[in-house]
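J.: File final.cif below, mmCIF, C-alpha atoms:
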```cif
data_entry
loop_
_atom_site.label_atom_id
_atom_site.label_comp_id
_atom_site.auth_asym_id
_atom_site.auth_seq_id
_atom_site.Cartn_x
_atom_site.Cartn_y
_atom_site.Cartn_z
CA MET A 29 13.71 12.41 7.39
CA ARG A 30 14.26 15.69 5.56
CA GLN A 31 16.23 13.98 2.80
CA LEU A 32 13.54 11.34 2.30
CA ALA A 33 10.81 13.99 2.31
CA SER A 34 12.72 15.91 -0.35
CA LEU A 35 13.12 12.79 -2.52
CA VAL A 36 9.43 11.92 -2.18
CA ASP A 37 8.32 15.53 -2.77
CA VAL A 38 6.45 15.86 0.53
CA ASP A 39 7.17 17.69 3.77
CA THR A 40 8.76 16.04 6.79
CA SER A 41 5.48 16.00 8.70
CA MET A 42 3.97 13.81 5.96
CA ILE A 43 6.86 11.33 6.27
CA SER A 44 6.32 11.28 10.03
CA LYS A 45 2.59 10.63 9.59
CA ILE A 46 3.32 7.80 7.14
CA GLU A 47 5.87 6.27 9.53
CA ASN A 48 3.44 6.43 12.44
CA GLY A 49 0.46 5.08 10.49
CA TYR A 50 -1.57 8.28 10.50
CA ARG A 51 -1.45 8.71 6.73
CA SER A 52 -1.21 6.31 3.85
CA PRO A 53 1.15 7.21 1.03
CA THR A 54 0.00 7.26 -2.56
CA LYS A 55 1.24 4.66 -5.03
CA GLU A 56 3.53 7.29 -6.53
CA GLN A 57 4.96 8.07 -3.10
CA ILE A 58 5.51 4.36 -2.45
CA ASN A 59 7.52 4.13 -5.66
CA LYS A 60 9.61 7.15 -4.66
CA ILE A 61 10.16 5.84 -1.12
CA ALA A 62 11.32 2.47 -2.43
CA SER A 63 13.72 4.14 -4.83
CA ALA A 64 15.05 6.56 -2.20
CA LEU A 65 15.62 3.79 0.34
CA GLY A 66 16.97 1.31 -2.18
CA ILE A 67 14.40 -1.33 -1.31
CA ASP A 68 12.36 -3.68 -3.48
CA ASN A 69 9.53 -1.70 -5.05
CA LYS A 70 7.43 -4.82 -5.70
CA MET A 71 7.62 -5.87 -2.06
CA LEU A 72 6.73 -2.41 -0.77
CA LEU A 73 3.81 -2.10 -3.20
CA SER A 74 2.53 -5.52 -2.15
CA ILE A 75 2.52 -4.44 1.48
CA TRP A 76 0.82 -1.17 0.53
CA TYR A 77 -1.92 -2.91 -1.46
CA ALA A 78 -2.45 -5.51 1.27
CA GLU A 79 -2.91 -2.75 3.83
CA LYS A 80 -5.41 -0.92 1.60
CA ILE A 81 -7.44 -4.08 1.04
CA TYR A 82 -7.30 -4.95 4.73
CA GLU A 83 -8.59 -1.51 5.71
CA ASP A 84 -11.50 -1.86 3.27
CA ILE A 85 -12.68 -5.28 4.45
CA LYS A 86 -11.42 -5.73 8.01
CA ASP A 87 -14.84 -5.27 9.58
CA GLU A 88 -16.69 -7.56 7.18
CA ASP A 89 -17.85 -10.89 8.59
CA ASP A 90 -17.01 -12.60 5.30
CA ALA A 91 -13.62 -10.95 4.72
CA LEU A 92 -11.93 -14.23 3.80
CA ASP A 93 -14.65 -15.05 1.27
CA ILE A 94 -14.18 -11.59 -0.25
CA LEU A 95 -10.44 -12.20 -0.59
CA LYS A 96 -11.02 -15.60 -2.20
CA LEU A 97 -13.43 -14.06 -4.70
CA ALA A 98 -10.94 -11.30 -5.50
CA GLU A 99 -8.21 -13.93 -6.01
CA LYS A 100 -10.50 -15.86 -8.36
CA LYS A 101 -11.18 -12.71 -10.40
CA VAL A 102 -7.49 -11.89 -10.69
CA LYS A 103 -6.74 -15.43 -11.83
CA GLU A 104 -9.52 -15.24 -14.44
CA ILE A 105 -8.17 -11.97 -15.81
CA ARG A 106 -4.65 -13.38 -15.99
CA ASN A 107 -5.82 -16.77 -17.28
CA VAL A 108 -3.93 -18.54 -14.53
#
```
Would you give me this structure, written as structure tokens?

T.:
Amino acid sequence: MRQLASLVDVDTSMISKIENGYRSPTKEQINKIASALGIDNKMLLSIWYAEKIYEDIKDEDDALDILKLAEKKVKEIRNV
């Protein structure tokens, strides 16, 4: 844990809080964690973003409609 904390530029207590779900890492920290652990950055960022979105809309009655609208907007921007 100390080695990872050093590579991510945080203290070991922050790594522990991230591991236990008490803190959410920043995007920069996610990139550093992926690099340090040799795992796919894209996959880890996708999980991170999904968790952030989930936390924002989990209590909304129309959460699925919100996600569909967000998907539509992303597709429009990307001309998909």

J.: One number please: CA of Tyr50 in chain A to CA of Trp76 in chain A, in Å, one decimal.

T.: 13.9 Å

J.: Which protein, DNA or RNA residues have an atom at most 8 Å from (-10.8, -7.1, 3.4), counting all atoms listed in the file? List them as a list of chain:residue names.

T.: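 Final list of nearby residues, as requested, is A:Ile81, A:Tyr82, A:Glu83, A:Asp84, A:Ile85, A:Lys86, A:Asp87, A:Glu88, A:Ala91, A:Leu92, A:Ile94, A:Leu95.
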
J.: Write out as an MDAnalysis selection string the residues lying within 8 Å of range 66-74 of chain A, counting only C-alpha atoms and excluding same-chain residues fewer than 5 positions away.

T.: chainID A and resid 55 58:59

J.: Store the residues picked out above, limited to C-alpha atoms, as a PDB file, keeping the file's coordinate frame.

T.:
```pdb
ATOM      1  CA  LYS A  55       1.240   4.660  -5.030  1.00  0.00           C
ATOM      2  CA  ILE A  58       5.510   4.360  -2.450  1.00  0.00           C
ATOM      3  CA  ASN A  59       7.520   4.130  -5.660  1.00  0.00           C
TER       4      ASN A  59
END
```

J.: Please evaluate the PyMOL selection byres ((chain A and resi 37) around 12) against the structure above and give the resulting residues as number ranges by chain.

T.: A: 29-36, 38-43, 53-54, 56-61, 64

J.: Please indicate the distance in Å from CA of Asn107 in chain A to CA of Tyr77 in chain A, rounded to one decimal place.

T.: 21.4 Å

J.: Restricting the calculation to only C-alpha atoms, which member of A:Lys80, A:Ile75, A:Leu65, A:Val102 is positioned closest to Arg51 in chain A?

T.: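 Closest residue, counting only C-alpha atoms: A:Lys80.
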
J.: What is the distance, in Å and to one decimal place, between CA of Leu97 in chain A and CA of Ser52 in chain A?

T.: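 Computing the Euclidean distance for CA of Leu97 in chain A and CA of Ser52 in chain A yields 25.2 Å.
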
J.: Using the incomplete input, complete range 42-60 of chain A to the level of N, CA, C and O atoms; output as a PDB file, in the frame of the given file.

T.:
```pdb
ATOM      1  N   MET A  42       4.644  14.887   6.688  1.00  0.00           N
ATOM      2  CA  MET A  42       3.970  13.810   5.960  1.00  0.00           C
ATOM      3  C   MET A  42       4.739  12.498   6.133  1.00  0.00           C
ATOM      4  O   MET A  42       4.129  11.447   6.360  1.00  0.00           O
ATOM      5  N   ILE A  43       6.055  12.539   6.061  1.00  0.00           N
ATOM      6  CA  ILE A  43       6.860  11.330   6.270  1.00  0.00           C
ATOM      7  C   ILE A  43       6.630  10.806   7.679  1.00  0.00           C
ATOM      8  O   ILE A  43       6.451   9.608   7.882  1.00  0.00           O
ATOM      9  N   SER A  44       6.580  11.682   8.655  1.00  0.00           N
ATOM     10  CA  SER A  44       6.320  11.280  10.030  1.00  0.00           C
ATOM     11  C   SER A  44       4.951  10.627  10.164  1.00  0.00           C
ATOM     12  O   SER A  44       4.800   9.591  10.828  1.00  0.00           O
ATOM     13  N   LYS A  45       3.941  11.200   9.531  1.00  0.00           N
ATOM     14  CA  LYS A  45       2.590  10.630   9.590  1.00  0.00           C
ATOM     15  C   LYS A  45       2.541   9.257   8.919  1.00  0.00           C
ATOM     16  O   LYS A  45       1.862   8.357   9.408  1.00  0.00           O
ATOM     17  N   ILE A  46       3.255   9.103   7.823  1.00  0.00           N
ATOM     18  CA  ILE A  46       3.320   7.800   7.140  1.00  0.00           C
ATOM     19  C   ILE A  46       4.000   6.785   8.049  1.00  0.00           C
ATOM     20  O   ILE A  46       3.507   5.669   8.228  1.00  0.00           O
ATOM     21  N   GLU A  47       5.125   7.172   8.633  1.00  0.00           N
ATOM     22  CA  GLU A  47       5.870   6.270   9.530  1.00  0.00           C
ATOM     23  C   GLU A  47       5.032   5.824  10.721  1.00  0.00           C
ATOM     24  O   GLU A  47       5.133   4.689  11.161  1.00  0.00           O
ATOM     25  N   ASN A  48       4.221   6.721  11.242  1.00  0.00           N
ATOM     26  CA  ASN A  48       3.440   6.430  12.440  1.00  0.00           C
ATOM     27  C   ASN A  48       2.042   5.884  12.142  1.00  0.00           C
ATOM     28  O   ASN A  48       1.259   5.661  13.061  1.00  0.00           O
ATOM     29  N   GLY A  49       1.732   5.671  10.864  1.00  0.00           N
ATOM     30  CA  GLY A  49       0.460   5.080  10.490  1.00  0.00           C
ATOM     31  C   GLY A  49      -0.728   6.010  10.491  1.00  0.00           C
ATOM     32  O   GLY A  49      -1.868   5.558  10.451  1.00  0.00           O
ATOM     33  N   TYR A  50      -0.476   7.318  10.517  1.00  0.00           N
ATOM     34  CA  TYR A  50      -1.570   8.280  10.500  1.00  0.00           C
ATOM     35  C   TYR A  50      -2.005   8.659   9.097  1.00  0.00           C
ATOM     36  O   TYR A  50      -3.094   9.187   8.906  1.00  0.00           O
ATOM     37  N   ARG A  51      -1.139   8.427   8.138  1.00  0.00           N
ATOM     38  CA  ARG A  51      -1.450   8.710   6.730  1.00  0.00           C
ATOM     39  C   ARG A  51      -0.939   7.551   5.887  1.00  0.00           C
ATOM     40  O   ARG A  51       0.046   6.897   6.215  1.00  0.00           O
ATOM     41  N   SER A  52      -1.637   7.333   4.798  1.00  0.00           N
ATOM     42  CA  SER A  52      -1.210   6.310   3.850  1.00  0.00           C
ATOM     43  C   SER A  52      -0.610   7.002   2.635  1.00  0.00           C
ATOM     44  O   SER A  52      -1.226   7.928   2.091  1.00  0.00           O
ATOM     45  N   PRO A  53       0.553   6.576   2.211  1.00  0.00           N
ATOM     46  CA  PRO A  53       1.150   7.210   1.030  1.00  0.00           C
ATOM     47  C   PRO A  53       0.405   6.809  -0.233  1.00  0.00           C
ATOM     48  O   PRO A  53      -0.298   5.792  -0.260  1.00  0.00           O
ATOM     49  N   THR A  54       0.564   7.604  -1.254  1.00  0.00           N
ATOM     50  CA  THR A  54       0.000   7.260  -2.560  1.00  0.00           C
ATOM     51  C   THR A  54       0.913   6.229  -3.225  1.00  0.00           C
ATOM     52  O   THR A  54       2.050   6.002  -2.779  1.00  0.00           O
ATOM     53  N   LYS A  55       0.421   5.642  -4.283  1.00  0.00           N
ATOM     54  CA  LYS A  55       1.240   4.660  -5.030  1.00  0.00           C
ATOM     55  C   LYS A  55       2.508   5.344  -5.549  1.00  0.00           C
ATOM     56  O   LYS A  55       3.592   4.775  -5.490  1.00  0.00           O
ATOM     57  N   GLU A  56       2.362   6.549  -6.036  1.00  0.00           N
ATOM     58  CA  GLU A  56       3.530   7.290  -6.530  1.00  0.00           C
ATOM     59  C   GLU A  56       4.548   7.521  -5.420  1.00  0.00           C
ATOM     60  O   GLU A  56       5.759   7.365  -5.620  1.00  0.00           O
ATOM     61  N   GLN A  57       4.058   7.869  -4.236  1.00  0.00           N
ATOM     62  CA  GLN A  57       4.960   8.070  -3.100  1.00  0.00           C
ATOM     63  C   GLN A  57       5.634   6.770  -2.691  1.00  0.00           C
ATOM     64  O   GLN A  57       6.805   6.777  -2.333  1.00  0.00           O
ATOM     65  N   ILE A  58       4.910   5.667  -2.754  1.00  0.00           N
ATOM     66  CA  ILE A  58       5.510   4.360  -2.450  1.00  0.00           C
ATOM     67  C   ILE A  58       6.665   4.087  -3.403  1.00  0.00           C
ATOM     68  O   ILE A  58       7.738   3.642  -2.984  1.00  0.00           O
ATOM     69  N   ASN A  59       6.451   4.340  -4.672  1.00  0.00           N
ATOM     70  CA  ASN A  59       7.520   4.130  -5.660  1.00  0.00           C
ATOM     71  C   ASN A  59       8.739   4.997  -5.352  1.00  0.00           C
ATOM     72  O   ASN A  59       9.878   4.524  -5.422  1.00  0.00           O
ATOM     73  N   LYS A  60       8.509   6.238  -4.986  1.00  0.00           N
ATOM     74  CA  LYS A  60       9.610   7.150  -4.660  1.00  0.00           C
ATOM     75  C   LYS A  60      10.329   6.728  -3.379  1.00  0.00           C
ATOM     76  O   LYS A  60      11.548   6.806  -3.285  1.00  0.00           O
TER      77      LYS A  60
END
```
